[in-house]
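> Encoded as structure tokens, here's the structure I'll be asking about.
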Amino acid sequence: MTISSTQKIREKKRRFLAREQLIIDTALSLLIDAGIERVTVAEIARQAGIGKGTVYKHFESKSEIMMRIMLDYEKSTATNLLAGIQATENGDPGAVVKAYFESRLANPALDRLVQQLEIRLEEEPSVARQMEELLAIRRSSIAKLSSMVEKLIKRGILENVPAHYHYLASWALAQGAVDVCFNRGFVDQIDDKEGLLRFITNIGVTMGNRGQLRG
């Protein structure tokens, strides 16, 4: 069977994207296991089973690989939040908060890494454009979240306080949950991490509901 030029191009693109995802997945695993400073492009290539030069066909630097990991995570969180907002619009008031907690707590190690990467790359000129893209996604998510919170306040479901009180409280609880997973003072006490994170998520879903304020 003769393969058309269009099919060849599609197959080449498929292989290119698959290899790119392999690089990202390998880098992510190494960064979580070994830490940011110890991971090199050479080690990523070795673990991925490809040449170092091949990595540079996809990414100009280690910083660009790390930035891609951050962007993918931010986009995934934004997608999940949007689904939660839609579910809330359809009658499930806790869906958007649950979506937020489940996004961040599904993989605490990844969440923690992304936070570390943002601190590392926030002033890195070579990825300034990608960082602005990430921040634009985040601003959009916050705007949509704020609008949804205001609707829930008007419906009498949430306490009548500034909308950002609600989503910043959720951020604080999720942040604390992630930190607990790696705190040396607590980690030995956690024999069921998934159960703990489900418990925290359930608290987050009802946190800020009307009638909770005192004084």
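Here, A, B, ... name the chains of the structure tokens in the order displayed, residue numbers run from 1 inside each chain, and ligands are numbered from 1 in the same displayed order.
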Where does region 111-151 of chain A meet region 65-70 of chain A within 8 Å, residue by residue, with the nearest atom pair and distance in Å to one decimal for each, counting only C-alpha atoms, listed by chain and rising number, as JSON lines?

{"residue": "A:Val114", "atom": "CA", "partner": "A:Met70", "partner_atom": "CA", "distance": 5.7}
{"residue": "A:Leu117", "atom": "CA", "partner": "A:Met66", "partner_atom": "CA", "distance": 6.9}
{"residue": "A:Glu118", "atom": "CA", "partner": "A:Met70", "partner_atom": "CA", "distance": 7.5}
{"residue": "A:Leu121", "atom": "CA", "partner": "A:Met67", "partner_atom": "CA", "distance": 7.6}
{"residue": "A:Val127", "atom": "CA", "partner": "A:Met67", "partner_atom": "CA", "distance": 7.0}
{"residue": "A:Gln130", "atom": "CA", "partner": "A:Met67", "partner_atom": "CA", "distance": 7.0}
{"residue": "A:Met131", "atom": "CA", "partner": "A:Met67", "partner_atom": "CA", "distance": 7.4}
{"residue": "A:Leu134", "atom": "CA", "partner": "A:Met70", "partner_atom": "CA", "distance": 7.8}
> Those same residues, written as an mmCIF file, in the first residue's frame with N, CA and C atoms?

data_model
loop_
_atom_site.group_PDB
_atom_site.id
_atom_site.type_symbol
_atom_site.label_atom_id
_atom_site.label_comp_id
_atom_site.auth_asym_id
_atom_site.auth_seq_id
_atom_site.Cartn_x
_atom_site.Cartn_y
_atom_site.Cartn_z
ATOM 1 N N VAL A 114 5.538 22.245 41.011
ATOM 2 C CA VAL A 114 5.141 23.389 40.183
ATOM 3 C C VAL A 114 5.332 24.693 40.942
ATOM 4 N N LEU A 117 9.002 25.403 40.877
ATOM 5 C CA LEU A 117 9.415 25.829 39.544
ATOM 6 C C LEU A 117 9.030 27.287 39.285
ATOM 7 N N GLU A 118 7.860 27.678 39.756
ATOM 8 C CA GLU A 118 7.434 29.068 39.530
ATOM 9 C C GLU A 118 8.372 30.045 40.223
ATOM 10 N N LEU A 121 11.586 30.170 38.152
ATOM 11 C CA LEU A 121 11.531 30.719 36.796
ATOM 12 C C LEU A 121 10.873 32.088 36.681
ATOM 13 N N VAL A 127 12.098 32.486 29.474
ATOM 14 C CA VAL A 127 10.746 31.918 29.457
ATOM 15 C C VAL A 127 9.705 32.974 29.862
ATOM 16 N N GLN A 130 6.325 32.598 28.045
ATOM 17 C CA GLN A 130 5.530 31.473 28.538
ATOM 18 C C GLN A 130 4.981 31.751 29.938
ATOM 19 N N MET A 131 5.770 32.451 30.753
ATOM 20 C CA MET A 131 5.303 32.794 32.099
ATOM 21 C C MET A 131 4.099 33.727 32.023
ATOM 22 N N LEU A 134 1.096 31.692 31.206
ATOM 23 C CA LEU A 134 0.619 31.007 32.404
ATOM 24 C C LEU A 134 -0.183 31.947 33.303
#
> With 10 Å as the cut-off and only C-alpha atoms counted, what is the closest atom pair between each nearby residue of region 71-147 of chain A and region 4-28 of chain A? Distances in Å to one decimal, ordered by chain and number, as CSV.

residue,atom,partner,partner_atom,distance
A:Asp72,CA,A:Ile24,CA,9.8
A:Leu110,CA,A:Leu28,CA,8.2
A:Leu113,CA,A:Leu28,CA,8.8
A:Val114,CA,A:Leu28,CA,9.9
> Please dump the current selection as a PDB file, in the first residue's frame; keep N, CA and C atoms.

ATOM      1  N   ASP A  72       1.413  23.067  31.423  1.00  0.00           N
ATOM      2  CA  ASP A  72       0.503  21.923  31.320  1.00  0.00           C
ATOM      3  C   ASP A  72      -0.333  21.789  32.584  1.00  0.00           C
ATOM      4  N   LEU A 110       3.452  16.780  42.529  1.00  0.00           N
ATOM      5  CA  LEU A 110       3.446  17.616  41.328  1.00  0.00           C
ATOM      6  C   LEU A 110       3.098  19.050  41.683  1.00  0.00           C
ATOM      7  N   LEU A 113       6.065  20.630  43.276  1.00  0.00           N
ATOM      8  CA  LEU A 113       7.101  20.895  42.281  1.00  0.00           C
ATOM      9  C   LEU A 113       6.776  22.132  41.463  1.00  0.00           C
ATOM     10  N   VAL A 114       5.538  22.245  41.011  1.00  0.00           N
ATOM     11  CA  VAL A 114       5.141  23.389  40.183  1.00  0.00           C
ATOM     12  C   VAL A 114       5.332  24.693  40.942  1.00  0.00           C
TER      13      VAL A 114
END
> Mind pulling up the distance from CA of Asn80 (chain A) to CA of Ser140 (chain A)?
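So the answer is 13.3 Å.
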> DSSP on the backbone, then: every residue of region 23-108 of chain A marked alpha helix (DSSP H), written as number ranges by chain.
A: 23-34, 41-48, 52-58, 62-89, 95-105, 108
> Can you write out as JSON lines which residues of region 147-168 of chain A fall within 8 Å of region 84-97 of chain A, alongside each residue's closest atom pair and its distance in Å to one decimal, counting only C-alpha atoms and ordering rows by chain and ascending residue number?

{"residue": "A:Met148", "atom": "CA", "partner": "A:Ile85", "partner_atom": "CA", "distance": 6.9}
{"residue": "A:Leu152", "atom": "CA", "partner": "A:Pro93", "partner_atom": "CA", "distance": 7.4}
{"residue": "A:Ile157", "atom": "CA", "partner": "A:Pro93", "partner_atom": "CA", "distance": 7.8}
> Could you please take those selected residues and save C-alpha atoms as a compact mmCIF listing (two decimals), in the first residue's frame?

# COMPACT_ATOMS: atom_id res chain seq x y z
CA MET A 148 -19.18 32.06 40.24
CA LEU A 152 -23.37 31.70 45.06
CA ILE A 157 -25.27 29.61 49.62
> Could you check which of A:Ile36, A:Ile203, A:Glu102, A:His166 is closest to Ile153 (chain A), using only C-alpha atoms?
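Of A:Ile36, A:Ile203, A:Glu102, A:His166, the one nearest Ile153 (chain A), counting only C-alpha atoms, is A:His166.
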> Go through A:Arg38, A:Arg138, A:Arg155, A:His58 and flag the residue nearest Thr77 (chain A), using only C-alpha atoms for the distances.
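Of the candidates, the smallest distance to Thr77 (chain A) is held by A:Arg138.
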